[in-house]
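Just query39.cif here, mmCIF, C-alpha atoms:
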data_structure
#
loop_
_atom_site.group_PDB
_atom_site.id
_atom_site.type_symbol
_atom_site.label_atom_id
_atom_site.label_comp_id
_atom_site.auth_asym_id
_atom_site.auth_seq_id
_atom_site.Cartn_x
_atom_site.Cartn_y
_atom_site.Cartn_z
ATOM 1 C CA MET A 195 2.467 4.327 11.888
ATOM 2 C CA LYS A 196 -1.247 4.932 11.357
ATOM 3 C CA GLY A 197 -0.635 5.745 7.696
ATOM 4 C CA GLN A 198 1.436 2.585 7.305
ATOM 5 C CA LEU A 199 -1.290 0.435 8.794
ATOM 6 C CA MET A 200 -3.886 1.929 6.465
ATOM 7 C CA LYS A 201 -1.710 1.354 3.432
ATOM 8 C CA LYS A 202 -1.167 -2.287 4.315
ATOM 9 C CA SER A 203 -4.842 -2.937 4.886
ATOM 10 C CA ASN A 204 -6.091 -1.248 1.711
ATOM 11 C CA GLU A 205 -3.452 -2.231 -0.812
ATOM 12 C CA LYS A 206 -4.490 -4.547 -3.638
ATOM 13 C CA LEU A 207 -3.960 -8.195 -2.792
ATOM 14 C CA GLU A 208 -0.877 -9.505 -4.570
ATOM 15 C CA LEU A 209 -1.260 -13.215 -3.835
ATOM 16 C CA ASN A 210 -2.364 -15.384 -6.733
ATOM 17 C CA GLU A 211 -5.970 -16.545 -6.804
ATOM 18 C CA GLU A 212 -5.207 -20.127 -5.819
ATOM 19 C CA VAL A 213 -3.472 -19.010 -2.639
ATOM 20 C CA LYS A 214 -6.263 -16.561 -1.783
ATOM 21 C CA ILE A 215 -9.042 -19.072 -2.267
ATOM 22 C CA ASN A 216 -7.321 -21.505 0.072
ATOM 23 C CA GLU A 217 -6.649 -18.905 2.746
ATOM 24 C CA LYS A 218 -7.970 -20.044 6.111
ATOM 25 C CA ILE A 219 -7.704 -19.591 9.867
ATOM 26 C CA GLU A 220 -4.809 -21.689 11.144
ATOM 27 C CA ASP A 221 -6.547 -23.480 14.059
ATOM 28 C CA SER A 222 -9.527 -25.439 12.702
ATOM 29 C CA LYS A 223 -10.469 -26.541 16.246
ATOM 30 C CA LYS A 224 -11.431 -23.005 17.214
ATOM 31 C CA ALA A 225 -13.508 -20.301 15.554
ATOM 32 C CA LEU A 226 -12.399 -16.695 15.593
ATOM 33 C CA VAL A 227 -15.633 -14.696 15.988
ATOM 34 C CA PHE A 228 -15.838 -10.896 16.007
ATOM 35 C CA ASP A 229 -19.512 -10.595 16.921
ATOM 36 C CA VAL A 230 -22.572 -12.598 17.910
ATOM 37 C CA LYS A 231 -25.693 -10.590 17.110
ATOM 38 C CA ARG A 232 -28.889 -11.663 18.859
ATOM 39 C CA PHE A 233 -32.437 -11.138 17.597
ATOM 40 C CA ALA A 234 -31.334 -10.364 14.025
ATOM 41 C CA VAL A 235 -34.188 -9.988 11.541
ATOM 42 C CA HIS A 236 -32.368 -9.379 8.234
ATOM 43 C CA ASP A 237 -30.222 -12.513 8.040
ATOM 44 C CA GLY A 238 -32.981 -15.021 7.273
ATOM 45 C CA ALA A 239 -36.556 -15.705 8.345
ATOM 46 C CA GLY A 240 -37.726 -15.234 11.912
ATOM 47 C CA LEU A 241 -35.561 -14.135 14.827
ATOM 48 C CA ARG A 242 -31.976 -15.248 14.378
ATOM 49 C CA THR A 243 -28.615 -15.303 16.065
ATOM 50 C CA THR A 244 -25.945 -14.195 13.602
ATOM 51 C CA VAL A 245 -22.367 -15.356 14.181
ATOM 52 C CA PHE A 246 -19.738 -13.218 12.456
ATOM 53 C CA PHE A 247 -16.555 -15.128 11.633
ATOM 54 C CA LYS A 248 -13.234 -13.290 11.253
ATOM 55 C CA GLY A 249 -11.271 -13.314 8.037
ATOM 56 C CA CYS A 250 -12.130 -12.572 4.418
ATOM 57 C CA PRO A 251 -10.152 -13.123 1.185
ATOM 58 C CA LEU A 252 -11.948 -10.191 -0.496
ATOM 59 C CA ARG A 253 -11.188 -6.515 0.027
ATOM 60 C CA CYS A 254 -14.382 -4.823 -1.122
ATOM 61 C CA LYS A 255 -14.009 -1.046 -1.221
ATOM 62 C CA TRP A 256 -17.402 -0.717 0.510
ATOM 63 C CA CYS A 257 -16.987 -3.512 3.092
ATOM 64 C CA GLN A 258 -19.750 -3.334 5.708
ATOM 65 C CA ASN A 259 -17.731 -5.177 8.359
ATOM 66 C CA PRO A 260 -14.099 -3.995 8.166
ATOM 67 C CA GLU A 261 -13.478 -5.424 11.631
ATOM 68 C CA GLY A 262 -13.929 -8.863 10.070
ATOM 69 C CA LEU A 263 -11.366 -8.543 7.276
ATOM 70 C CA SER A 264 -8.245 -9.724 9.058
ATOM 71 C CA ALA A 265 -7.914 -13.431 9.836
ATOM 72 C CA LYS A 266 -6.065 -12.582 13.059
ATOM 73 C CA LYS A 267 -7.188 -11.441 16.497
ATOM 74 C CA ARG A 268 -6.224 -7.799 16.822
ATOM 75 C CA PRO A 269 -6.533 -5.009 19.401
ATOM 76 C CA ILE A 270 -8.929 -2.142 18.759
ATOM 77 C CA TYR A 271 -9.236 1.257 20.383
ATOM 78 C CA PHE A 272 -12.530 2.800 21.563
ATOM 79 C CA LYS A 273 -11.847 6.517 21.793
ATOM 80 C CA ASN A 274 -15.136 7.266 23.577
ATOM 81 C CA SER A 275 -14.083 5.005 26.456
ATOM 82 C CA CYS A 276 -10.542 6.369 26.752
ATOM 83 C CA ILE A 277 -9.700 8.524 29.795
ATOM 84 C CA HIS A 278 -6.263 9.417 28.366
ATOM 85 C CA CYS A 279 -4.369 8.152 31.391
ATOM 86 C CA ARG A 280 -1.541 6.861 29.150
ATOM 87 C CA ILE A 281 -1.144 3.726 31.234
ATOM 88 C CA CYS A 282 -1.026 1.753 27.985
ATOM 89 C CA GLU A 283 2.066 3.721 26.978
ATOM 90 C CA LYS A 284 3.716 3.037 30.332
ATOM 91 C CA VAL A 285 3.168 -0.733 30.255
ATOM 92 C CA SER A 286 3.784 -1.213 26.527
ATOM 93 C CA LYS A 287 6.723 -3.218 25.254
ATOM 94 C CA GLU A 288 9.230 -2.146 22.638
ATOM 95 C CA ASN A 289 7.647 -1.677 19.183
ATOM 96 C CA GLN A 290 4.193 -2.631 20.519
ATOM 97 C CA ILE A 291 2.463 0.753 20.180
ATOM 98 C CA GLU A 292 3.082 4.329 19.186
ATOM 99 C CA TYR A 293 1.312 6.889 21.368
ATOM 100 C CA ARG A 294 0.463 10.098 19.540
ATOM 101 C CA ASP A 295 -2.515 12.350 18.882
ATOM 102 C CA ASP A 296 -3.488 11.535 22.488
ATOM 103 C CA ARG A 297 -4.133 7.856 21.724
ATOM 104 C CA PRO A 298 -2.268 4.579 21.094
ATOM 105 C CA TYR A 299 -1.651 3.155 17.618
ATOM 106 C CA PHE A 300 -0.929 -0.558 17.563
ATOM 107 C CA ASN A 301 1.874 -2.218 15.645
ATOM 108 C CA LEU A 302 -0.157 -5.032 14.091
ATOM 109 C CA ASP A 303 3.042 -6.839 13.121
ATOM 110 C CA TYR A 304 3.916 -7.283 16.796
ATOM 111 C CA LYS A 305 4.083 -11.029 17.425
ATOM 112 C CA GLU A 306 3.622 -11.393 21.206
ATOM 113 C CA GLY A 307 0.028 -10.236 21.581
ATOM 114 C CA PHE A 308 -1.511 -7.309 23.410
ATOM 115 C CA ASP A 309 -2.817 -8.897 26.624
ATOM 116 C CA ASN A 310 -0.704 -6.549 28.763
ATOM 117 C CA LEU A 311 -2.379 -3.470 27.274
ATOM 118 C CA ILE A 312 -5.902 -4.845 27.574
ATOM 119 C CA LYS A 313 -5.418 -5.883 31.198
ATOM 120 C CA ALA A 314 -3.841 -2.563 32.128
ATOM 121 C CA CYS A 315 -6.439 -0.297 30.508
ATOM 122 C CA PRO A 316 -8.703 0.879 33.374
ATOM 123 C CA SER A 317 -11.564 2.079 31.146
ATOM 124 C CA GLY A 318 -11.770 -0.816 28.677
ATOM 125 C CA ALA A 319 -10.777 1.420 25.786
ATOM 126 C CA ILE A 320 -8.431 -1.270 24.466
ATOM 127 C CA ARG A 321 -9.988 -4.631 23.630
ATOM 128 C CA TYR A 322 -9.509 -7.489 21.233
ATOM 129 C CA ASP A 323 -11.653 -7.415 18.114
ATOM 130 C CA SER A 324 -12.662 -11.071 18.375
ATOM 131 C CA LYS A 325 -12.978 -14.103 20.615
ATOM 132 C CA GLU A 326 -12.025 -17.733 20.128
ATOM 133 C CA TYR A 327 -14.645 -20.473 20.536
ATOM 134 C CA VAL A 328 -14.454 -24.239 20.441
ATOM 135 C CA VAL A 329 -17.492 -25.977 18.916
ATOM 136 C CA GLU A 330 -19.280 -26.724 22.188
ATOM 137 C CA GLU A 331 -18.772 -23.180 23.500
ATOM 138 C CA LEU A 332 -20.225 -21.624 20.380
ATOM 139 C CA LEU A 333 -23.095 -24.101 20.309
ATOM 140 C CA GLU A 334 -24.026 -23.193 23.883
ATOM 141 C CA LYS A 335 -23.896 -19.513 22.950
ATOM 142 C CA ILE A 336 -26.290 -20.143 20.058
ATOM 143 C CA LYS A 337 -28.616 -22.301 22.166
ATOM 144 C CA GLU A 338 -29.095 -19.443 24.636
ATOM 145 C CA ASP A 339 -31.480 -17.982 22.040
ATOM 146 C CA GLN A 340 -33.099 -21.238 20.925
ATOM 147 C CA VAL A 341 -36.397 -20.356 22.570
ATOM 148 C CA PHE A 342 -36.697 -17.471 20.082
ATOM 149 C CA PHE A 343 -36.072 -19.629 16.998
ATOM 150 C CA ARG A 344 -39.709 -20.521 16.398
ATOM 151 C CA ASN A 345 -41.343 -19.464 13.113
ATOM 152 C CA ASP A 346 -38.293 -20.297 10.961
ATOM 153 C CA GLY A 347 -35.752 -18.524 13.179
ATOM 154 C CA GLY A 348 -32.327 -19.978 13.754
ATOM 155 C CA VAL A 349 -28.621 -19.245 13.359
ATOM 156 C CA THR A 350 -26.878 -17.489 10.477
ATOM 157 C CA PHE A 351 -23.127 -17.714 9.939
ATOM 158 C CA SER A 352 -21.694 -14.571 8.404
ATOM 159 C CA GLY A 353 -18.458 -12.648 8.383
ATOM 160 C CA GLY A 354 -15.978 -11.870 7.019
ATOM 161 C CA GLU A 355 -16.209 -15.017 4.959
ATOM 162 C CA PRO A 356 -17.331 -17.961 7.123
ATOM 163 C CA LEU A 357 -15.984 -20.477 4.609
ATOM 164 C CA MET A 358 -12.459 -19.319 5.527
ATOM 165 C CA GLN A 359 -13.068 -21.272 8.745
ATOM 166 C CA GLY A 360 -14.614 -24.098 6.776
ATOM 167 C CA GLU A 361 -13.623 -27.139 8.820
ATOM 168 C CA PHE A 362 -14.917 -25.554 12.016
ATOM 169 C CA LEU A 363 -18.033 -24.390 10.182
ATOM 170 C CA VAL A 364 -18.823 -27.944 9.099
ATOM 171 C CA GLU A 365 -18.632 -29.162 12.695
ATOM 172 C CA ILE A 366 -20.777 -26.389 14.194
ATOM 173 C CA LEU A 367 -23.364 -26.856 11.432
ATOM 174 C CA LYS A 368 -23.558 -30.575 12.203
ATOM 175 C CA ARG A 369 -24.129 -29.850 15.883
ATOM 176 C CA CYS A 370 -26.782 -27.235 15.102
ATOM 177 C CA LYS A 371 -28.687 -29.711 12.935
ATOM 178 C CA GLU A 372 -28.505 -32.313 15.728
ATOM 179 C CA GLU A 373 -30.172 -29.713 17.971
ATOM 180 C CA GLY A 374 -32.875 -29.013 15.373
ATOM 181 C CA ILE A 375 -31.678 -25.451 14.738
ATOM 182 C CA HIS A 376 -32.393 -23.867 11.342
ATOM 183 C CA THR A 377 -29.086 -22.890 9.702
ATOM 184 C CA ALA A 378 -28.149 -20.201 7.187
ATOM 185 C CA ILE A 379 -24.952 -18.771 5.750
ATOM 186 C CA GLU A 380 -23.957 -15.465 4.145
ATOM 187 C CA THR A 381 -21.055 -16.132 1.793
ATOM 188 C CA THR A 382 -19.192 -14.972 -1.291
ATOM 189 C CA MET A 383 -18.503 -18.603 -2.332
ATOM 190 C CA PHE A 384 -14.862 -17.598 -2.783
ATOM 191 C CA ALA A 385 -13.578 -20.765 -1.150
ATOM 192 C CA PRO A 386 -12.401 -24.266 -2.092
ATOM 193 C CA LEU A 387 -15.164 -26.335 -3.683
ATOM 194 C CA GLU A 388 -14.444 -29.211 -1.300
ATOM 195 C CA ILE A 389 -15.430 -26.998 1.660
ATOM 196 C CA ILE A 390 -18.580 -25.839 -0.110
ATOM 197 C CA GLU A 391 -19.544 -29.465 -0.773
ATOM 198 C CA LYS A 392 -19.078 -30.283 2.913
ATOM 199 C CA VAL A 393 -21.276 -27.485 4.275
ATOM 200 C CA LEU A 394 -24.173 -27.685 1.789
ATOM 201 C CA PRO A 395 -25.973 -30.681 3.370
ATOM 202 C CA TYR A 396 -26.144 -28.918 6.744
ATOM 203 C CA LEU A 397 -27.562 -25.613 5.489
ATOM 204 C CA ASP A 398 -31.240 -24.694 5.244
ATOM 205 C CA LEU A 399 -30.663 -21.296 3.626
ATOM 206 C CA ILE A 400 -27.743 -20.028 1.538
ATOM 207 C CA TYR A 401 -27.215 -16.324 0.848
ATOM 208 C CA ILE A 402 -24.592 -15.787 -1.866
ATOM 209 C CA ASP A 403 -23.213 -12.399 -2.863
ATOM 210 C CA LEU A 404 -22.631 -11.803 -6.562
ATOM 211 C CA LYS A 405 -21.384 -8.251 -6.509
ATOM 212 C CA VAL A 406 -19.921 -7.536 -9.946
ATOM 213 C CA PHE A 407 -20.342 -9.762 -13.004
ATOM 214 C CA ASP A 408 -17.356 -8.554 -15.037
ATOM 215 C CA GLU A 409 -14.275 -10.396 -13.827
ATOM 216 C CA LYS A 410 -11.795 -7.544 -14.267
ATOM 217 C CA LEU A 411 -14.085 -4.959 -12.667
ATOM 218 C CA HIS A 412 -14.832 -7.367 -9.806
ATOM 219 C CA GLU A 413 -11.102 -7.636 -9.176
ATOM 220 C CA GLU A 414 -10.728 -3.862 -9.185
ATOM 221 C CA CYS A 415 -13.535 -3.519 -6.636
ATOM 222 C CA THR A 416 -12.815 -6.515 -4.393
ATOM 223 C CA GLY A 417 -9.254 -7.689 -4.979
ATOM 224 C CA VAL A 418 -10.319 -11.013 -6.539
ATOM 225 C CA SER A 419 -11.886 -12.135 -9.824
ATOM 226 C CA SER A 420 -15.544 -13.148 -9.989
ATOM 227 C CA LYS A 421 -14.675 -16.226 -12.094
ATOM 228 C CA VAL A 422 -14.526 -18.711 -9.215
ATOM 229 C CA ILE A 423 -17.569 -17.168 -7.544
ATOM 230 C CA LYS A 424 -19.661 -17.599 -10.714
ATOM 231 C CA GLU A 425 -18.414 -21.157 -11.158
ATOM 232 C CA HIS A 426 -19.436 -22.059 -7.613
ATOM 233 C CA ILE A 427 -22.828 -20.355 -7.938
ATOM 234 C CA LYS A 428 -23.430 -22.393 -11.078
ATOM 235 C CA TYR A 429 -22.401 -25.550 -9.232
ATOM 236 C CA VAL A 430 -24.829 -24.912 -6.361
ATOM 237 C CA LEU A 431 -27.698 -23.846 -8.643
ATOM 238 C CA GLU A 432 -27.304 -27.052 -10.645
ATOM 239 C CA SER A 433 -27.356 -29.180 -7.473
ATOM 240 C CA ASN A 434 -30.251 -30.395 -5.370
ATOM 241 C CA HIS A 435 -29.516 -27.528 -2.945
ATOM 242 C CA ARG A 436 -30.522 -24.811 -5.415
ATOM 243 C CA ASP A 437 -33.870 -24.006 -3.827
ATOM 244 C CA LYS A 438 -32.093 -23.086 -0.600
ATOM 245 C CA VAL A 439 -30.248 -20.269 -2.380
ATOM 246 C CA ILE A 440 -30.819 -16.509 -2.441
ATOM 247 C CA ILE A 441 -28.414 -14.538 -4.632
ATOM 248 C CA ARG A 442 -27.758 -10.997 -3.461
ATOM 249 C CA THR A 443 -26.210 -7.966 -5.112
ATOM 250 C CA PRO A 444 -25.337 -5.028 -2.847
ATOM 251 C CA LEU A 445 -26.072 -1.797 -4.700
ATOM 252 C CA ILE A 446 -22.930 0.310 -4.480
ATOM 253 C CA PRO A 447 -23.005 3.694 -6.271
ATOM 254 C CA THR A 448 -20.820 3.774 -9.424
ATOM 255 C CA MET A 449 -19.609 0.198 -8.853
ATOM 256 C CA THR A 450 -22.285 -2.486 -8.641
ATOM 257 C CA ALA A 451 -25.333 -0.249 -9.093
ATOM 258 C CA THR A 452 -25.173 0.098 -12.873
ATOM 259 C CA ASP A 453 -27.686 -1.052 -15.481
ATOM 260 C CA GLU A 454 -25.031 -3.112 -17.231
ATOM 261 C CA ASN A 455 -23.952 -4.950 -14.082
ATOM 262 C CA ILE A 456 -27.479 -5.741 -12.876
ATOM 263 C CA ARG A 457 -28.510 -6.894 -16.349
ATOM 264 C CA SER A 458 -25.411 -9.118 -16.716
ATOM 265 C CA ILE A 459 -25.973 -10.766 -13.339
ATOM 266 C CA ALA A 460 -29.652 -11.354 -14.059
ATOM 267 C CA GLU A 461 -28.887 -12.838 -17.505
ATOM 268 C CA PHE A 462 -26.282 -15.142 -15.952
ATOM 269 C CA LEU A 463 -28.741 -16.378 -13.330
ATOM 270 C CA VAL A 464 -31.541 -16.881 -15.873
ATOM 271 C CA GLY A 465 -29.142 -18.974 -17.928
ATOM 272 C CA VAL A 466 -28.387 -21.214 -14.966
ATOM 273 C CA TYR A 467 -31.646 -21.382 -12.988
ATOM 274 C CA PRO A 468 -34.376 -18.801 -13.715
ATOM 275 C CA GLU A 469 -36.304 -19.828 -10.565
ATOM 276 C CA VAL A 470 -33.513 -18.734 -8.207
ATOM 277 C CA ARG A 471 -34.433 -16.089 -5.659
ATOM 278 C CA TYR A 472 -32.617 -12.796 -6.217
ATOM 279 C CA GLU A 473 -32.351 -9.758 -3.962
ATOM 280 C CA LEU A 474 -30.962 -6.268 -4.500
ATOM 281 C CA LEU A 475 -29.610 -4.771 -1.282
ATOM 282 C CA ASN A 476 -29.858 -1.002 -0.988
ATOM 283 C CA TYR A 477 -26.678 0.891 -0.192
ATOM 284 C CA ASN A 478 -25.862 1.230 3.503
ATOM 285 C CA PRO A 479 -24.394 4.683 4.208
ATOM 286 C CA LEU A 480 -23.622 3.818 7.852
ATOM 287 C CA ALA A 481 -20.657 1.530 7.115
ATOM 288 C CA PRO A 482 -18.001 4.305 7.111
ATOM 289 C CA SER A 483 -18.490 4.863 10.849
ATOM 290 C CA LYS A 484 -16.804 1.520 11.564
ATOM 291 C CA TYR A 485 -13.571 2.306 9.771
ATOM 292 C CA GLU A 486 -12.082 4.642 12.359
ATOM 293 C CA LEU A 487 -12.436 1.860 14.905
ATOM 294 C CA VAL A 488 -10.008 -0.364 12.987
ATOM 295 C CA ASP A 489 -7.742 2.427 11.686
ATOM 296 C CA LEU A 490 -8.787 1.992 8.066
ATOM 297 C CA GLU A 491 -10.023 4.426 5.455
ATOM 298 C CA TYR A 492 -13.371 3.864 3.762
ATOM 299 C CA GLY A 493 -12.931 3.230 0.036
ATOM 300 C CA LEU A 494 -15.912 5.275 -1.218
ATOM 301 C CA ASP A 495 -17.249 8.803 -1.104
ATOM 302 C CA GLU A 496 -18.927 9.135 2.293
ATOM 303 C CA ASP A 497 -21.595 11.413 0.798
ATOM 304 C CA TYR A 498 -23.281 8.552 -1.104
ATOM 305 C CA LYS A 499 -26.891 7.998 -0.030
ATOM 306 C CA MET A 500 -29.323 5.111 -0.119
ATOM 307 C CA PHE A 501 -31.200 4.714 -3.394
ATOM 308 C CA GLY A 502 -34.701 6.118 -3.493
ATOM 309 C CA LYS A 503 -37.868 4.201 -4.301
ATOM 310 C CA ASP A 504 -37.850 5.145 -7.989
ATOM 311 C CA GLU A 505 -34.172 4.242 -8.369
ATOM 312 C CA MET A 506 -34.755 0.846 -6.768
ATOM 313 C CA GLN A 507 -37.738 0.257 -9.052
ATOM 314 C CA HIS A 508 -35.527 1.004 -12.047
ATOM 315 C CA PHE A 509 -33.181 -1.830 -11.053
ATOM 316 C CA TYR A 510 -36.126 -4.147 -10.319
ATOM 317 C CA ASP A 511 -37.480 -3.461 -13.800
ATOM 318 C CA ILE A 512 -34.173 -4.497 -15.381
ATOM 319 C CA VAL A 513 -34.180 -7.806 -13.513
ATOM 320 C CA GLU A 514 -37.798 -8.555 -14.376
ATOM 321 C CA GLN A 515 -37.265 -7.696 -18.052
ATOM 322 C CA VAL A 516 -34.424 -10.206 -18.242
ATOM 323 C CA GLY A 517 -36.721 -12.920 -16.922
ATOM 324 C CA LEU A 518 -35.738 -13.796 -13.376
ATOM 325 C CA LYS A 519 -38.917 -15.138 -11.792
ATOM 326 C CA ASN A 520 -38.299 -14.743 -8.063
ATOM 327 C CA LEU A 521 -37.152 -11.197 -7.353
ATOM 328 C CA ILE A 522 -37.274 -10.371 -3.656
ATOM 329 C CA ILE A 523 -38.632 -6.871 -3.062
ATOM 330 C CA GLU A 524 -38.624 -5.509 0.473
#

Could I get this file's structure written as structure tokens?
Amino acid sequence: MKGQLMKKSNEKLELNEEVKINEKIEDSKKALVFDVKRFAVHDGAGLRTTVFFKGCPLRCKWCQNPEGLSAKKRPIYFKNSCIHCRICEKVSKENQIEYRDDRPYFNLDYKEGFDNLIKACPSGAIRYDSKEYVVEELLEKIKEDQVFFRNDGGVTFSGGEPLMQGEFLVEILKRCKEEGIHTAIETTMFAPLEIIEKVLPYLDLIYIDLKVFDEKLHEECTGVSSKVIKEHIKYVLESNHRDKVIIRTPLIPTMTATDENIRSIAEFLVGVYPEVRYELLNYNPLAPSKYELVDLEYGLDEDYKMFGKDEMQHFYDIVEQVGLKNLIIE
């Protein structure tokens, strides 16, 4: 069963682009959140609380948050907490799990939930990967850290793709602005334009990933074309919200971190708005450690390392030669 689950999760998306871009969490009254990170310092200025929404229409081979890919609440297994008592096997229902290799494997197609396993596990080795919040609950969670939001701190909504829960996102952003909380988002912009238009007025900072410029290569790497993403970036950069935007490109060895890709992205941005802020994110080699937790296989060679200072400077030089005026260098 483990092999079957991996195959399902890593196979190329077969839905057409229109269906994928309109994919969303079913209950717009509740947010499905897989993490709330306090005191974050890399998701905007100052100290921030970062809310990670479940669900993403992309399937990037290098995804940093594989636990956020699925739009459904799922069980996960923490092997370091397991005492191998096999109580989960004893209380499980038909077709709910397969117990082998001294651990349970969950049938993620099982429709009746996994509450019985979570309640029965004496060590907490089986838990859900996310929690549901209504707007007021999530707002109160964010406000717990409001005292730390001075000096441009605030809340950042990330994922997954937060725009997949767009209607809820609009409402929580409105409430945050009523409370005077600085708001930011980390997004691919692969979402309906009508949702993007709704959230823009309530955002103070907008991080947008542009991973691969070439549309076919982007689809090979992420499961979707970059066409819609580029169209939406152009829309935002031609609006009165453009100075809120920071475009980011994660540097992935052999995929995004090529001279041709960086040059093409920079030329595109110069052609739309040469004053836009642009950031190159160094490769994060720690991401593979998360994949075992969700029974997935990492899509890249795990021996890849972060880029060195000279390699990063090489990419910076390409961007500056093209003419982008606001390159962010950490």

| Do you know which residues are at most 8 Å from segment 491-501 of chain A counting only C-alpha atoms, after dropping those on the same chain fewer than 4 positions away, and could you put them as a PyMOL selection string? | chain A and resi 200+204+255-256+447+476-479+482+485-486+505-506

| Neighbours of Tyr510 of chain A within 9 Å (only C-alpha atoms; same-chain residues fewer than 4 positions away dropped), as an NGL selection string? | :A and (474 or 505-506 or 514-515 or 521 or 523)

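Going from atom CA of Thr377 of chain A over to atom CA of Val466 of chain A, you cover 24.7 Å.
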
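Nearest-residue note for Val285 of chain A: choosing from A:Cys315, A:Ala265, A:Cys254, A:Val230, the minimum distance belongs to A:Cys315, counting all atoms listed in the file.
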
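In this model, the gap between atom CA of Glu425 of chain A and atom CA of Leu387 of chain A comes to 9.7 Å.
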
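Nearest residue to Leu363 of chain A, choosing from A:Lys313, A:Lys392, A:Arg344, A:Arg294 and counting only C-alpha atoms: A:Lys392.
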
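Residues within 12 Å of Glu432 of chain A, counting only C-alpha atoms and excluding same-chain residues fewer than 2 positions away, are Glu425, His426, Ile427, Lys428, Tyr429, Val430, Asn434, His435, Arg436, Asp437, Lys438, Val439, Leu463, Gly465, Val466, Tyr467, Pro468, Glu469 and Val470 of chain A.
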
Using the chain letters and numbers from this file, what does the PyMOL selection byres ((chain A and resi 323-336) around 9) select? Give the answer as a short mmCIF file (atom, residue, chain, number, x, y, z; two decimals) with C-alpha atoms, in the coordinates of the input.
data_model
loop_
_atom_site.label_atom_id
_atom_site.label_comp_id
_atom_site.auth_asym_id
_atom_site.auth_seq_id
_atom_site.Cartn_x
_atom_site.Cartn_y
_atom_site.Cartn_z
CA LYS A 223 -10.47 -26.54 16.25
CA LYS A 224 -11.43 -23.00 17.21
CA ALA A 225 -13.51 -20.30 15.55
CA LEU A 226 -12.40 -16.70 15.59
CA VAL A 227 -15.63 -14.70 15.99
CA PHE A 228 -15.84 -10.90 16.01
CA ASP A 229 -19.51 -10.60 16.92
CA VAL A 230 -22.57 -12.60 17.91
CA ARG A 232 -28.89 -11.66 18.86
CA THR A 243 -28.62 -15.30 16.07
CA THR A 244 -25.94 -14.20 13.60
CA VAL A 245 -22.37 -15.36 14.18
CA PHE A 247 -16.56 -15.13 11.63
CA LYS A 248 -13.23 -13.29 11.25
CA GLU A 261 -13.48 -5.42 11.63
CA GLY A 262 -13.93 -8.86 10.07
CA LYS A 266 -6.06 -12.58 13.06
CA LYS A 267 -7.19 -11.44 16.50
CA ARG A 268 -6.22 -7.80 16.82
CA PRO A 269 -6.53 -5.01 19.40
CA ILE A 270 -8.93 -2.14 18.76
CA ARG A 321 -9.99 -4.63 23.63
CA TYR A 322 -9.51 -7.49 21.23
CA LYS A 337 -28.62 -22.30 22.17
CA GLU A 338 -29.10 -19.44 24.64
CA ASP A 339 -31.48 -17.98 22.04
CA GLN A 340 -33.10 -21.24 20.92
CA GLY A 348 -32.33 -19.98 13.75
CA VAL A 349 -28.62 -19.24 13.36
CA PHE A 362 -14.92 -25.55 12.02
CA LEU A 363 -18.03 -24.39 10.18
CA GLU A 365 -18.63 -29.16 12.70
CA ILE A 366 -20.78 -26.39 14.19
CA ARG A 369 -24.13 -29.85 15.88
CA CYS A 370 -26.78 -27.24 15.10
CA VAL A 488 -10.01 -0.36 12.99
#

| Mind listing as an NGL selection string all residues within 6 Å of (-12.1, -12.2, 4.8), counting only C-alpha atoms? | :A and (249-252 or 263 or 354-355)

| d(atom CA of Leu311 of chain A, atom CA of Asp296 of chain A) in Å | 15.8 Å

| Selected residue of minimal separation from Asn259 of chain A among A:Pro386, A:Gly417, A:Gly353, A:Gly238, counting only C-alpha atoms | A:Gly353

Put the listed atoms of segment 284-292 of chain A in a box along x, y and z with 4 Å added on every side and give me the centre and edge lengths in Å to one decimal, as JSON.
{"center_x": 5.8, "center_y": 0.6, "center_z": 24.8, "size_x": 14.8, "size_y": 15.5, "size_z": 19.1}

| message | Running the PyMOL selection byres ((chain A and resi 318) around 12) on this model by hand, what would come out? Give it as JSON, numbers by chain. | response | {"A": [269, 270, 271, 272, 273, 274, 275, 276, 277, 278, 279, 281, 282, 311, 312, 313, 314, 315, 316, 317, 319, 320, 321, 322]}
